[in-house]
file run.txt (compact mmCIF, C-alpha atoms (C1' of nucleotides))
# COMPACT_ATOMS: atom_id res chain seq x y z
CA MET O 355 5.86 -26.27 -11.65
CA ASP O 356 2.19 -25.52 -11.05
CA ALA O 357 0.39 -24.32 -7.95
CA GLU O 358 0.18 -27.85 -6.60
CA HIS O 359 3.93 -28.34 -6.74
CA TRP O 360 4.57 -24.91 -5.28
CA ASP O 361 2.30 -25.82 -2.40
CA ARG O 362 4.37 -28.87 -1.68
CA LEU O 363 7.56 -26.89 -1.80
CA GLY O 364 6.04 -24.41 0.62
CA ALA O 365 5.08 -27.19 2.99
CA LEU O 366 8.62 -28.50 2.90
CA HIS O 367 10.04 -25.06 3.46
CA THR O 368 7.79 -24.37 6.42
CA ARG O 369 8.57 -27.63 8.12
CA VAL O 370 12.31 -27.44 7.71
CA GLU O 371 12.54 -23.80 8.74
CA GLN O 372 10.55 -24.52 11.85
CA GLU O 373 12.90 -27.31 12.83
CA LEU O 374 15.93 -25.13 12.19
CA ALA O 375 14.48 -22.31 14.24
CA LYS O 376 13.63 -24.61 17.09
CA ALA O 377 17.09 -26.15 17.17
CA LEU O 378 18.83 -22.79 17.16
CA GLN O 379 16.54 -21.31 19.78
CA GLN O 380 16.87 -24.28 22.05
CA HIS O 381 20.62 -24.78 21.89
CA HIS O 382 21.90 -21.26 21.36
CA GLY O 383 19.12 -18.86 22.19
CA ILE O 384 19.07 -17.23 18.77
CA GLY O 385 16.57 -17.18 15.95
CA LEU O 386 16.92 -18.10 12.33
CA SER O 387 17.38 -14.54 11.11
CA GLU O 388 19.97 -13.93 13.80
CA TYR O 389 21.89 -17.01 12.73
CA ARG O 390 21.81 -16.08 9.08
CA ALA O 391 22.95 -12.56 9.77
CA LEU O 392 25.86 -13.86 11.85
CA ALA O 393 26.76 -16.34 9.10
CA ARG O 394 26.83 -13.58 6.48
CA LEU O 395 28.82 -11.25 8.66
CA ALA O 396 31.28 -13.99 9.63
CA ARG O 397 32.28 -14.54 6.03
CA ALA O 398 32.26 -10.88 5.01
CA ASP O 399 35.46 -8.86 4.76
CA ASP O 400 36.39 -7.58 8.20
CA GLY O 401 33.16 -9.12 9.46
CA GLU O 402 31.19 -6.07 8.51
CA LEU O 403 28.36 -5.22 6.12
CA ARG O 404 26.21 -2.22 5.43
CA MET O 405 22.65 -2.61 6.65
CA GLN O 406 21.14 -2.74 3.21
CA GLU O 407 23.68 -5.26 1.98
CA LEU O 408 22.83 -7.49 4.88
CA ALA O 409 19.12 -7.03 4.17
CA ASP O 410 19.59 -8.15 0.57
CA LEU O 411 21.71 -11.13 1.55
CA ILE O 412 19.28 -12.56 4.05
CA GLY O 413 16.11 -11.56 2.21
CA LEU O 414 14.63 -9.17 4.76
CA ASN O 415 13.61 -5.61 4.27
CA GLN O 416 15.60 -2.70 5.58
CA SER O 417 13.52 -2.01 8.63
CA SER O 418 13.56 -5.62 9.74
CA VAL O 419 17.32 -5.66 9.49
CA SER O 420 17.56 -2.50 11.52
CA ARG O 421 15.68 -4.19 14.35
CA LEU O 422 17.57 -7.43 13.85
CA ALA O 423 20.85 -5.56 14.21
CA SER O 424 19.52 -4.00 17.39
CA ARG O 425 18.73 -7.40 18.83
CA LEU O 426 22.13 -8.77 17.91
CA GLU O 427 23.75 -5.69 19.35
CA SER O 428 21.98 -5.91 22.67
CA SER O 429 23.13 -9.54 22.87
CA GLY O 430 26.70 -8.45 22.22
CA LEU O 431 27.00 -10.46 19.01
CA THR O 432 27.46 -7.47 16.73
CA ARG O 433 28.08 -3.76 17.08
CA ARG O 434 27.29 -0.81 14.92
CA ASP O 435 30.06 1.18 13.32
CA LEU O 436 29.65 4.46 11.53
CA CYS O 437 30.79 4.58 7.96
CA PRO O 438 33.66 7.05 7.86
CA ASP O 439 33.27 8.33 4.29
CA ASP O 440 29.47 8.45 4.19
CA ARG O 441 28.02 9.47 7.47
CA ARG O 442 24.58 8.24 6.50
CA GLY O 443 25.91 4.72 6.39
CA VAL O 444 26.20 2.26 9.28
CA TYR O 445 28.13 -0.96 9.36
CA SER O 446 26.96 -3.93 11.32
CA VAL O 447 30.12 -5.64 12.59
CA ILE O 448 30.33 -9.08 14.13
CA THR O 449 32.07 -9.26 17.50
CA ASP O 450 34.34 -12.03 18.76
CA GLN O 451 31.46 -13.28 20.84
CA GLY O 452 29.31 -13.24 17.72
CA ARG O 453 31.87 -15.37 15.91
CA ASP O 454 31.92 -17.78 18.82
CA VAL O 455 28.16 -18.14 18.80
CA HIS O 456 28.17 -18.66 15.07
CA GLU O 457 30.87 -21.32 15.27
CA GLN O 458 28.93 -23.15 17.93
CA ALA O 459 25.62 -22.83 16.15
CA ARG O 460 26.79 -23.90 12.73
CA PRO O 461 26.92 -27.62 13.42
CA THR O 462 23.52 -27.37 15.09
CA TYR O 463 22.14 -25.71 12.00
CA ASP O 464 23.74 -28.10 9.54
CA GLY O 465 22.71 -31.10 11.57
CA ALA O 466 19.13 -29.95 11.97
CA LEU O 467 18.96 -29.29 8.24
CA ARG O 468 20.10 -32.78 7.40
CA ALA O 469 17.74 -34.31 9.93
CA ALA O 470 14.77 -32.30 8.74
CA LEU O 471 15.41 -33.17 5.12
CA ASP O 472 15.83 -36.82 5.96
CA ALA O 473 12.55 -36.75 7.83
CA ALA O 474 10.83 -35.03 4.92
CA ALA O 475 12.32 -37.50 2.47
CA ALA O 476 10.69 -40.30 4.42
CA ASP O 477 7.34 -38.54 4.09
CA GLY O 478 5.32 -40.02 1.30
CA HIS O 479 4.01 -36.67 0.23
CA LEU O 480 7.27 -34.74 0.26
CA GLY O 481 9.76 -37.49 -0.39
CA PRO O 482 9.98 -37.20 -4.18
CA LEU O 483 10.44 -33.45 -3.97
CA VAL O 484 13.31 -33.76 -1.51
CA ALA O 485 14.88 -36.43 -3.68
CA SER O 486 14.77 -34.14 -6.70
CA LEU O 487 16.29 -31.30 -4.72
CA ARG O 488 19.12 -33.49 -3.56
CA SER O 489 19.98 -34.81 -6.96
CA MET C 1024 21.65 -30.17 -0.35
CA ASP C 1025 23.84 -28.21 2.06
CA ALA C 1026 23.15 -25.00 3.92
CA GLU C 1027 24.18 -22.94 0.93
CA HIS C 1028 21.61 -24.58 -1.33
CA TRP C 1029 18.95 -24.34 1.33
CA ASP C 1030 19.66 -20.63 1.58
CA ARG C 1031 19.05 -20.23 -2.11
CA LEU C 1032 15.84 -22.17 -1.93
CA GLY C 1033 14.74 -19.95 0.95
CA ALA C 1034 15.52 -16.84 -1.06
CA LEU C 1035 13.46 -18.16 -3.94
CA HIS C 1036 10.61 -19.06 -1.65
CA THR C 1037 10.57 -15.65 0.01
CA ARG C 1038 10.57 -13.78 -3.27
CA VAL C 1039 7.85 -15.79 -4.90
CA GLU C 1040 5.61 -15.79 -1.85
CA GLN C 1041 5.91 -12.04 -1.57
CA GLU C 1042 4.87 -11.59 -5.17
CA LEU C 1043 1.94 -13.93 -4.73
CA ALA C 1044 0.83 -12.13 -1.59
CA LYS C 1045 1.09 -8.76 -3.26
CA ALA C 1046 -0.91 -9.86 -6.29
CA LEU C 1047 -3.69 -11.35 -4.18
CA GLN C 1048 -3.85 -8.40 -1.83
CA GLN C 1049 -3.91 -5.90 -4.64
CA HIS C 1050 -6.48 -7.55 -6.89
CA HIS C 1051 -8.71 -9.34 -4.43
CA GLY C 1052 -8.02 -7.94 -0.99
CA ILE C 1053 -7.05 -11.26 0.53
CA GLY C 1054 -3.80 -12.66 1.86
CA LEU C 1055 -1.93 -15.78 0.95
CA SER C 1056 -3.23 -17.84 3.84
CA GLU C 1057 -6.77 -16.76 3.06
CA TYR C 1058 -6.38 -17.84 -0.55
CA ARG C 1059 -4.94 -21.19 0.37
CA ALA C 1060 -7.68 -21.84 2.88
CA LEU C 1061 -10.32 -21.00 0.29
CA ALA C 1062 -8.61 -23.23 -2.25
CA ARG C 1063 -8.59 -26.17 0.15
CA LEU C 1064 -12.18 -25.64 1.18
CA ALA C 1065 -13.32 -25.24 -2.41
CA ARG C 1066 -12.11 -28.69 -3.34
CA ALA C 1067 -13.18 -30.41 -0.12
CA ASP C 1068 -16.36 -32.46 0.08
CA ASP C 1069 -19.30 -30.12 0.67
CA GLY C 1070 -16.76 -27.29 0.91
CA GLU C 1071 -16.13 -27.96 4.56
CA LEU C 1072 -13.21 -29.02 6.73
CA ARG C 1073 -12.51 -29.37 10.43
CA MET C 1074 -10.19 -26.73 11.79
CA GLN C 1075 -7.35 -29.11 12.45
CA GLU C 1076 -7.62 -30.65 8.99
CA LEU C 1077 -7.38 -27.22 7.46
CA ALA C 1078 -4.41 -26.39 9.66
CA ASP C 1079 -2.54 -29.47 8.49
CA LEU C 1080 -3.35 -28.82 4.85
CA ILE C 1081 -2.07 -25.26 4.78
CA GLY C 1082 0.76 -25.76 7.23
CA LEU C 1083 -0.36 -23.41 9.96
CA ASN C 1084 -0.85 -23.71 13.65
CA GLN C 1085 -4.29 -24.64 14.85
CA SER C 1086 -4.58 -21.33 16.65
CA SER C 1087 -3.58 -19.43 13.55
CA VAL C 1088 -6.26 -21.25 11.63
CA SER C 1089 -8.83 -20.34 14.22
CA ARG C 1090 -8.02 -16.68 13.65
CA LEU C 1091 -7.77 -17.16 9.90
CA ALA C 1092 -11.25 -18.69 9.92
CA SER C 1093 -12.45 -15.67 11.88
CA ARG C 1094 -11.08 -13.31 9.27
CA LEU C 1095 -12.63 -15.26 6.43
CA GLU C 1096 -15.89 -15.39 8.31
CA SER C 1097 -16.04 -11.67 8.92
CA SER C 1098 -15.46 -11.18 5.19
CA GLY C 1099 -18.33 -13.51 4.41
CA LEU C 1100 -16.14 -16.01 2.57
CA THR C 1101 -16.68 -18.85 5.00
CA ARG C 1102 -18.91 -19.64 7.93
CA ARG C 1103 -18.53 -21.87 10.94
CA ASP C 1104 -20.72 -24.87 11.31
CA LEU C 1105 -21.01 -27.06 14.36
CA CYS C 1106 -20.15 -30.66 13.87
CA PRO C 1107 -23.40 -32.57 14.50
CA ASP C 1108 -21.95 -35.84 15.79
CA ASP C 1109 -19.09 -34.40 17.80
CA ARG C 1110 -20.05 -31.14 19.41
CA ARG C 1111 -16.46 -30.31 20.16
CA GLY C 1112 -15.81 -30.03 16.48
CA VAL C 1113 -16.32 -27.03 14.22
CA TYR C 1114 -16.45 -27.06 10.47
CA SER C 1115 -15.23 -24.17 8.42
CA VAL C 1116 -17.50 -24.03 5.38
CA ILE C 1117 -16.92 -21.99 2.24
CA THR C 1118 -19.80 -19.75 1.18
CA ASP C 1119 -20.94 -19.01 -2.36
CA GLN C 1120 -19.21 -15.68 -2.10
CA GLY C 1121 -16.08 -17.49 -0.97
CA ARG C 1122 -16.23 -19.70 -4.03
CA ASP C 1123 -16.62 -16.65 -6.23
CA VAL C 1124 -13.60 -14.95 -4.71
CA HIS C 1125 -11.58 -18.10 -5.09
CA GLU C 1126 -12.59 -18.51 -8.73
CA GLN C 1127 -11.60 -14.94 -9.44
CA ALA C 1128 -8.35 -15.15 -7.52
CA ARG C 1129 -7.13 -18.42 -8.95
CA PRO C 1130 -5.95 -17.04 -12.28
CA THR C 1131 -4.27 -14.18 -10.44
CA TYR C 1132 -2.44 -16.65 -8.24
CA ASP C 1133 -1.44 -18.97 -11.06
CA GLY C 1134 -0.33 -16.09 -13.25
CA ALA C 1135 1.70 -14.47 -10.51
CA LEU C 1136 3.34 -17.79 -9.75
CA ARG C 1137 4.38 -18.27 -13.35
CA ALA C 1138 5.62 -14.70 -13.60
CA ALA C 1139 7.59 -14.89 -10.37
CA LEU C 1140 9.22 -18.15 -11.35
CA ASP C 1141 10.07 -16.80 -14.78
CA ALA C 1142 11.65 -13.76 -13.18
CA ALA C 1143 13.61 -15.92 -10.78
CA ALA C 1144 14.73 -18.19 -13.59
CA ALA C 1145 16.21 -15.17 -15.31
CA ASP C 1146 18.16 -14.37 -12.16
CA GLY C 1147 21.70 -15.63 -12.43
CA HIS C 1148 21.77 -16.71 -8.81
CA LEU C 1149 18.45 -18.52 -8.69
CA GLY C 1150 18.06 -19.56 -12.30
CA PRO C 1151 19.59 -23.03 -12.07
CA LEU C 1152 17.52 -23.86 -9.00
CA VAL C 1153 14.30 -22.89 -10.71
CA ALA C 1154 15.29 -24.90 -13.75
CA SER C 1155 15.86 -27.98 -11.64
CA LEU C 1156 12.52 -27.53 -9.91
CA ARG C 1157 10.75 -27.27 -13.22
CA SER C 1158 12.33 -30.32 -14.72
C1' DA H 971 -14.02 -38.08 38.58
C1' DC H 972 -10.59 -37.74 35.38
C1' DA H 973 -8.20 -37.48 31.13
C1' DT H 974 -8.49 -36.19 26.46
C1' DC H 975 -9.79 -33.70 22.54
C1' DA H 976 -11.09 -29.54 19.54
C1' DC H 977 -11.11 -25.08 19.53
C1' DT H 978 -10.48 -20.25 21.46
C1' DT H 979 -7.97 -16.57 23.61
C1' DG H 980 -4.05 -13.85 25.85
C1' DC H 981 0.34 -12.69 24.99
C1' DA H 982 4.89 -11.98 22.92
C1' DT H 983 7.57 -11.83 18.64
C1' DG H 984 9.05 -10.83 14.08
C1' DC H 985 7.85 -8.87 9.95
C1' DG H 986 6.48 -5.23 6.28
C1' DC H 987 4.77 -0.64 5.15
C1' DA H 988 4.76 4.09 5.70
C1' DT H 989 7.05 7.83 7.64
C1' DG H 990 10.69 10.77 9.60
C1' DC H 991 15.49 12.37 10.23
C1' DA H 992 20.14 13.10 8.83
C1' DT H 993 23.36 13.15 5.19
C1' DT H 994 24.73 13.48 0.39
C1' DA H 995 24.30 14.78 -4.56
C1' DG H 996 22.63 17.59 -8.11
C1' DT H 997 20.71 22.01 -9.82
C1' DT H 998 19.56 26.65 -9.89
C1' DT H 999 20.36 31.43 -8.81
C1' DC H 1000 22.87 35.30 -7.72
C1' DG D 1244 32.33 30.20 -7.04
C1' DA D 1245 29.05 30.22 -2.95
C1' DA D 1246 24.54 29.88 -1.12
C1' DA D 1247 20.02 27.89 -1.46
C1' DC D 1248 16.62 24.55 -3.12
C1' DT D 1249 15.46 20.12 -4.45
C1' DA D 1250 15.85 15.35 -4.77
C1' DA D 1251 17.89 10.93 -3.44
C1' DT D 1252 19.99 7.76 -0.10
C1' DG D 1253 20.69 5.15 4.41
C1' DC D 1254 18.88 4.11 8.41
C1' DA D 1255 15.51 4.41 12.56
C1' DT D 1256 10.78 4.32 14.38
C1' DG D 1257 5.57 3.96 14.85
C1' DC D 1258 2.12 1.07 13.71
C1' DG D 1259 -0.62 -2.87 12.44
C1' DC D 1260 -0.79 -7.77 11.16
C1' DA D 1261 -0.08 -12.75 11.12
C1' DT D 1262 2.00 -16.16 13.59
C1' DG D 1263 3.36 -19.52 17.49
C1' DC D 1264 3.12 -20.88 22.25
C1' DA D 1265 0.81 -21.57 26.41
C1' DA D 1266 -3.23 -21.44 29.12
C1' DG D 1267 -8.26 -21.66 29.18
C1' DT D 1268 -13.07 -23.44 27.95
C1' DG D 1269 -16.26 -26.77 26.98
C1' DA D 1270 -17.60 -31.34 25.22
C1' DT D 1271 -16.56 -36.48 25.09
C1' DG D 1272 -15.10 -40.78 26.52
C1' DT D 1273 -13.52 -44.17 30.08

call {"tool": "encode", "arguments": {"input": "run.txt", "output": "structure tokens"}}
result
Amino acid sequence: MDAEHWDRLGALHTRVEQELAKALQQHHGIGLSEYRALARLARADDGELRMQELADLIGLNQSSVSRLASRLESSGLTRRDLCPDDRRGVYSVITDQGRDVHEQARPTYDGALRAALDAAAADGHLGPLVASLRS
Amino acid sequence: MDAEHWDRLGALHTRVEQELAKALQQHHGIGLSEYRALARLARADDGELRMQELADLIGLNQSSVSRLASRLESSGLTRRDLCPDDRRGVYSVITDQGRDVHEQARPTYDGALRAALDAAAADGHLGPLVASLRS
DNA sequence: ACATCACTTGCATGCGCATGCATTAGTTTC
DNA sequence: GAAACTAATGCATGCGCATGCAAGTGATGT
């Protein structure tokens, strides 16, 4: 895995993420980070996670997650809940509406992922890489 | 390759790219896109590429590349050159100083890539993925 | 003339870094 | 032991930056 191969992987990543983002934005009005946060919350116990946990799980830093939670909150997809035993802590909790949006968006996401990978596999430059990832 | 695997690949990508960016910024005062543009220009014929070519090669928008070229230009690493036979076109051309910076930065980039991948390989969650990429 | 192409520019968005505020934990002092 | 200081932790906010999209500018071709 040299710089050349990493470049190709980056190209693949960029393309696929762009397609995923476009599909989610178009069909559900949410971004990629929003979707991933909802997905993590949906499978968490009680649908809630501490901010920093969420940050680690979706690979964003703490401040980005704070703003992300604000966006989700103002869309009614999550709410904030104070941690009872440590009043510094805040839970981000998925709402019923958030679960609905996630349920509806999941097939969009999965489908767009398959489509994007298929398209990349047909690309002469990226095809072999995709094939090796799928094996 | 389902959503779960794609998530892991994204996590790996994010981590490694961050390390690469940090290393380049710290040791050479340039960002990742700047480095990649220099690398592409350095190996192009006469060290020059049309804007759109460069955009395709590094996976950025054409408008982003226009701004990227501006940044490189104001740092003296590239210059713009009008295309003689098609006056709509603009070449971005690497300067001697740009080649120097690229030569100096390349080992930093390659070393940071190796280090980041080694670190990820040691991670229980990402290790298998890195191993499969390296095979 | 009109459409197209290559690039630039205005604008909005999402991100990371540095910082600040509130809370908690640990340590010293009396 | 209680009060007071000093970190350390969890999150929010100000700021700047790179990016994408959409509209604009100028050159080319038909």

call {"tool": "residues_around", "arguments": {"input": "run.txt", "residues": "D:DT1256", "least_positions_apart": "4", "cutoff": "10 Å", "atoms": "only C-alpha atoms (C1' of nucleotides)", "output": "PDB file with C-alpha atoms (C1' of nucleotides), in the coordinates of the input"}}
result
ATOM      1  CA  SER O 417      13.520  -2.010   8.630  1.00  0.00           C
ATOM      2  CA  ARG O 421      15.680  -4.190  14.350  1.00  0.00           C
TER       3      ARG O 421
ATOM      4  C1'  DT H 989       7.050   7.830   7.640  1.00  0.00           C
ATOM      5  C1'  DG H 990      10.690  10.770   9.600  1.00  0.00           C
TER       6       DG H 990
END

call {"tool": "calpha_fit_and_write", "arguments": {"input": "run.txt", "fixed": "chain O", "moving": "chain C", "output": "short mmCIF file (atom, residue, chain, number, x, y, z; two decimals) with C-alpha atoms, in the frame of the given file"}}
result
data_model
loop_
_atom_site.label_atom_id
_atom_site.label_comp_id
_atom_site.auth_asym_id
_atom_site.auth_seq_id
_atom_site.Cartn_x
_atom_site.Cartn_y
_atom_site.Cartn_z
CA MET C 1024 5.80 -26.24 -11.63
CA ASP C 1025 2.12 -25.53 -11.02
CA ALA C 1026 0.36 -24.33 -7.91
CA GLU C 1027 0.15 -27.84 -6.55
CA HIS C 1028 3.91 -28.33 -6.70
CA TRP C 1029 4.53 -24.91 -5.25
CA ASP C 1030 2.27 -25.83 -2.35
CA ARG C 1031 4.36 -28.87 -1.65
CA LEU C 1032 7.55 -26.89 -1.79
CA GLY C 1033 6.02 -24.39 0.64
CA ALA C 1034 5.07 -27.18 3.01
CA LEU C 1035 8.61 -28.51 2.90
CA HIS C 1036 10.04 -25.07 3.46
CA THR C 1037 7.80 -24.37 6.43
CA ARG C 1038 8.60 -27.65 8.12
CA VAL C 1039 12.32 -27.44 7.71
CA GLU C 1040 12.53 -23.80 8.74
CA GLN C 1041 10.56 -24.53 11.87
CA GLU C 1042 12.91 -27.32 12.83
CA LEU C 1043 15.93 -25.14 12.20
CA ALA C 1044 14.46 -22.32 14.26
CA LYS C 1045 13.63 -24.64 17.11
CA ALA C 1046 17.10 -26.17 17.16
CA LEU C 1047 18.83 -22.79 17.17
CA GLN C 1048 16.53 -21.33 19.79
CA GLN C 1049 16.87 -24.31 22.05
CA HIS C 1050 20.63 -24.79 21.89
CA HIS C 1051 21.90 -21.27 21.36
CA GLY C 1052 19.09 -18.89 22.20
CA ILE C 1053 19.04 -17.24 18.80
CA GLY C 1054 16.52 -17.18 15.98
CA LEU C 1055 16.89 -18.08 12.36
CA SER C 1056 17.35 -14.54 11.14
CA GLU C 1057 19.95 -13.92 13.81
CA TYR C 1058 21.88 -17.00 12.74
CA ARG C 1059 21.78 -16.07 9.09
CA ALA C 1060 22.92 -12.55 9.81
CA LEU C 1061 25.82 -13.85 11.87
CA ALA C 1062 26.73 -16.31 9.13
CA ARG C 1063 26.80 -13.56 6.51
CA LEU C 1064 28.80 -11.22 8.69
CA ALA C 1065 31.24 -13.95 9.65
CA ARG C 1066 32.26 -14.52 6.07
CA ALA C 1067 32.24 -10.86 5.03
CA ASP C 1068 35.44 -8.84 4.77
CA ASP C 1069 36.38 -7.57 8.23
CA GLY C 1070 33.12 -9.10 9.47
CA GLU C 1071 31.14 -6.04 8.52
CA LEU C 1072 28.32 -5.18 6.14
CA ARG C 1073 26.13 -2.18 5.43
CA MET C 1074 22.57 -2.59 6.60
CA GLN C 1075 21.12 -2.71 3.13
CA GLU C 1076 23.67 -5.27 1.97
CA LEU C 1077 22.76 -7.48 4.88
CA ALA C 1078 19.08 -7.03 4.13
CA ASP C 1079 19.55 -8.18 0.55
CA LEU C 1080 21.67 -11.15 1.57
CA ILE C 1081 19.20 -12.56 4.07
CA GLY C 1082 16.07 -11.54 2.22
CA LEU C 1083 14.57 -9.20 4.77
CA ASN C 1084 13.27 -5.70 4.68
CA GLN C 1085 15.70 -2.95 5.52
CA SER C 1086 13.62 -1.99 8.52
CA SER C 1087 13.56 -5.56 9.75
CA VAL C 1088 17.31 -5.66 9.49
CA SER C 1089 17.61 -2.49 11.49
CA ARG C 1090 15.70 -4.16 14.31
CA LEU C 1091 17.54 -7.43 13.83
CA ALA C 1092 20.83 -5.56 14.17
CA SER C 1093 19.49 -4.00 17.36
CA ARG C 1094 18.71 -7.40 18.81
CA LEU C 1095 22.11 -8.77 17.90
CA GLU C 1096 23.73 -5.69 19.34
CA SER C 1097 21.94 -5.92 22.65
CA SER C 1098 23.11 -9.54 22.86
CA GLY C 1099 26.68 -8.45 22.23
CA LEU C 1100 26.99 -10.45 19.01
CA THR C 1101 27.43 -7.46 16.75
CA ARG C 1102 28.03 -3.75 17.09
CA ARG C 1103 27.23 -0.79 14.90
CA ASP C 1104 30.00 1.15 13.33
CA LEU C 1105 29.68 4.43 11.51
CA CYS C 1106 30.81 4.43 7.95
CA PRO C 1107 33.79 6.82 7.84
CA ASP C 1108 33.46 8.05 4.26
CA ASP C 1109 29.69 8.24 4.10
CA ARG C 1110 28.23 9.33 7.39
CA ARG C 1111 24.78 8.24 6.36
CA GLY C 1112 25.97 4.68 6.35
CA VAL C 1113 26.17 2.26 9.26
CA TYR C 1114 28.11 -0.95 9.36
CA SER C 1115 26.95 -3.91 11.33
CA VAL C 1116 30.09 -5.61 12.61
CA ILE C 1117 30.31 -9.06 14.16
CA THR C 1118 32.05 -9.23 17.54
CA ASP C 1119 34.33 -11.99 18.79
CA GLN C 1120 31.46 -13.26 20.86
CA GLY C 1121 29.31 -13.23 17.75
CA ARG C 1122 31.86 -15.34 15.94
CA ASP C 1123 31.92 -17.77 18.83
CA VAL C 1124 28.16 -18.14 18.83
CA HIS C 1125 28.16 -18.64 15.10
CA GLU C 1126 30.88 -21.29 15.29
CA GLN C 1127 28.94 -23.14 17.95
CA ALA C 1128 25.63 -22.83 16.16
CA ARG C 1129 26.81 -23.87 12.73
CA PRO C 1130 26.94 -27.60 13.42
CA THR C 1131 23.54 -27.36 15.08
CA TYR C 1132 22.14 -25.69 12.00
CA ASP C 1133 23.75 -28.06 9.53
CA GLY C 1134 22.74 -31.10 11.55
CA ALA C 1135 19.17 -29.95 11.94
CA LEU C 1136 18.98 -29.26 8.23
CA ARG C 1137 20.15 -32.75 7.36
CA ALA C 1138 17.80 -34.30 9.89
CA ALA C 1139 14.80 -32.30 8.71
CA LEU C 1140 15.45 -33.13 5.09
CA ASP C 1141 15.90 -36.79 5.92
CA ALA C 1142 12.61 -36.76 7.78
CA ALA C 1143 10.88 -35.04 4.90
CA ALA C 1144 12.37 -37.47 2.42
CA ALA C 1145 10.79 -40.29 4.38
CA ASP C 1146 7.43 -38.57 4.08
CA GLY C 1147 5.41 -40.06 1.27
CA HIS C 1148 4.06 -36.69 0.23
CA LEU C 1149 7.30 -34.74 0.25
CA GLY C 1150 9.80 -37.48 -0.41
CA PRO C 1151 10.02 -37.17 -4.19
CA LEU C 1152 10.45 -33.41 -3.96
CA VAL C 1153 13.31 -33.72 -1.53
CA ALA C 1154 14.91 -36.35 -3.71
CA SER C 1155 14.77 -34.07 -6.72
CA LEU C 1156 16.27 -31.21 -4.74
CA ARG C 1157 19.12 -33.39 -3.60
CA SER C 1158 19.96 -34.70 -7.00
#

call {"tool": "closest_atom_pairs", "arguments": {"input": "run.txt", "of": "chain O", "to": "chain H", "cutoff": "8 Å", "atoms": "only C-alpha atoms (C1' of nucleotides)", "output": "Markdown table"}}
result
| residue | atom | partner | partner_atom | distance |
| --- | --- | --- | --- | --- |
| O:Asn415 | CA | H:DG986 | C1' | 7.4 |
| O:Ser418 | CA | H:DC985 | C1' | 6.6 |
| O:Asp440 | CA | H:DT993 | C1' | 7.8 |
| O:Arg441 | CA | H:DT993 | C1' | 6.4 |
| O:Arg442 | CA | H:DT993 | C1' | 5.2 |

call {"tool": "closest_residue", "arguments": {"input": "run.txt", "among": "D:DC1254, D:DA1246, D:DA1261, D:DA1270", "to": "chain O", "atoms": "only C-alpha atoms (C1' of nucleotides)"}}
result
D:DC1254

call {"tool": "interface_residues", "arguments": {"input": "run.txt", "of": "chain C", "to": "chain O", "cutoff": "8 Å", "atoms": "only C-alpha atoms", "output": "list of chain:residue names"}}
result
C:Met1024, C:Asp1025, C:Ala1026, C:Gly1033, C:Ala1034, C:His1036, C:Thr1037, C:Ile1081, C:Gly1082, C:Asp1133, C:Leu1136, C:Arg1137, C:Ser1155, C:Leu1156, C:Arg1157

call {"tool": "closest_atom_pairs", "arguments": {"input": "run.txt", "of": "chain O", "to": "chain D", "cutoff": "12 Å", "atoms": "only C-alpha atoms (C1' of nucleotides)", "output": "tab-separated table"}}
result
residue	atom	partner	partner_atom	distance
O:Gln372	CA	D:DG1263	C1'	10.4
O:Ala375	CA	D:DG1263	C1'	11.9
O:Lys376	CA	D:DG1263	C1'	11.5
O:Arg404	CA	D:DG1253	C1'	9.3
O:Met405	CA	D:DC1254	C1'	7.9
O:Gln406	CA	D:DG1253	C1'	8.0
O:Glu407	CA	D:DG1253	C1'	11.1
O:Ala409	CA	D:DC1254	C1'	11.9
O:Asn415	CA	D:DC1254	C1'	11.8
O:Gln416	CA	D:DC1254	C1'	8.1
O:Ser417	CA	D:DA1255	C1'	7.8
O:Ser418	CA	D:DA1255	C1'	10.6
O:Val419	CA	D:DC1254	C1'	10.0
O:Ser420	CA	D:DA1255	C1'	7.3
O:Arg421	CA	D:DA1255	C1'	8.8
O:Ala423	CA	D:DA1255	C1'	11.4
O:Ser424	CA	D:DA1255	C1'	10.5
O:Arg434	CA	D:DC1254	C1'	11.7
O:Leu436	CA	D:DC1254	C1'	11.2
O:Cys437	CA	D:DG1253	C1'	10.7
O:Asp440	CA	D:DG1253	C1'	9.4
O:Arg441	CA	D:DG1253	C1'	9.0
O:Arg442	CA	D:DG1253	C1'	5.4
O:Gly443	CA	D:DG1253	C1'	5.6
O:Val444	CA	D:DC1254	C1'	7.6
O:Tyr445	CA	D:DC1254	C1'	10.6
O:Ser446	CA	D:DC1254	C1'	11.8

call {"tool": "residues_around", "arguments": {"input": "run.txt", "residues": "C:Ala1135", "least_positions_apart": "3", "cutoff": "7 Å", "atoms": "only C-alpha atoms (C1' of nucleotides)", "output": "ChimeraX atom specification"}}
result
/C:1042-1043,1046,1131-1132,1138-1139

call {"tool": "atom_distance", "arguments": {"input": "run.txt", "atom1": "atom CA of C:His1125", "atom2": "atom CA of O:His479"}}
result
24.8 Å

call {"tool": "decode", "arguments": {"input": "run.txt", "residues": "stretch 1248-1260 of chain D", "atoms": "C-alpha atoms (C1' of nucleotides)", "output": "mmCIF file, in the first residue's frame"}}
result
data_model
loop_
_atom_site.group_PDB
_atom_site.id
_atom_site.type_symbol
_atom_site.label_atom_id
_atom_site.label_comp_id
_atom_site.auth_asym_id
_atom_site.auth_seq_id
_atom_site.Cartn_x
_atom_site.Cartn_y
_atom_site.Cartn_z
ATOM 1 C "C1'" DC D 1248 -7.203 25.773 45.337
ATOM 2 C "C1'" DT D 1249 -5.995 23.306 41.439
ATOM 3 C "C1'" DA D 1250 -6.575 20.338 37.718
ATOM 4 C "C1'" DA D 1251 -9.437 17.554 34.622
ATOM 5 C "C1'" DT D 1252 -13.697 16.615 32.055
ATOM 6 C "C1'" DG D 1253 -17.866 17.498 28.981
ATOM 7 C "C1'" DC D 1254 -19.834 20.428 26.166
ATOM 8 C "C1'" DA D 1255 -20.751 25.083 23.685
ATOM 9 C "C1'" DT D 1256 -19.072 28.953 20.873
ATOM 10 C "C1'" DG D 1257 -16.103 32.153 17.971
ATOM 11 C "C1'" DC D 1258 -13.370 31.993 14.221
ATOM 12 C "C1'" DG D 1259 -11.119 30.768 9.967
ATOM 13 C "C1'" DC D 1260 -10.644 27.496 6.133
#
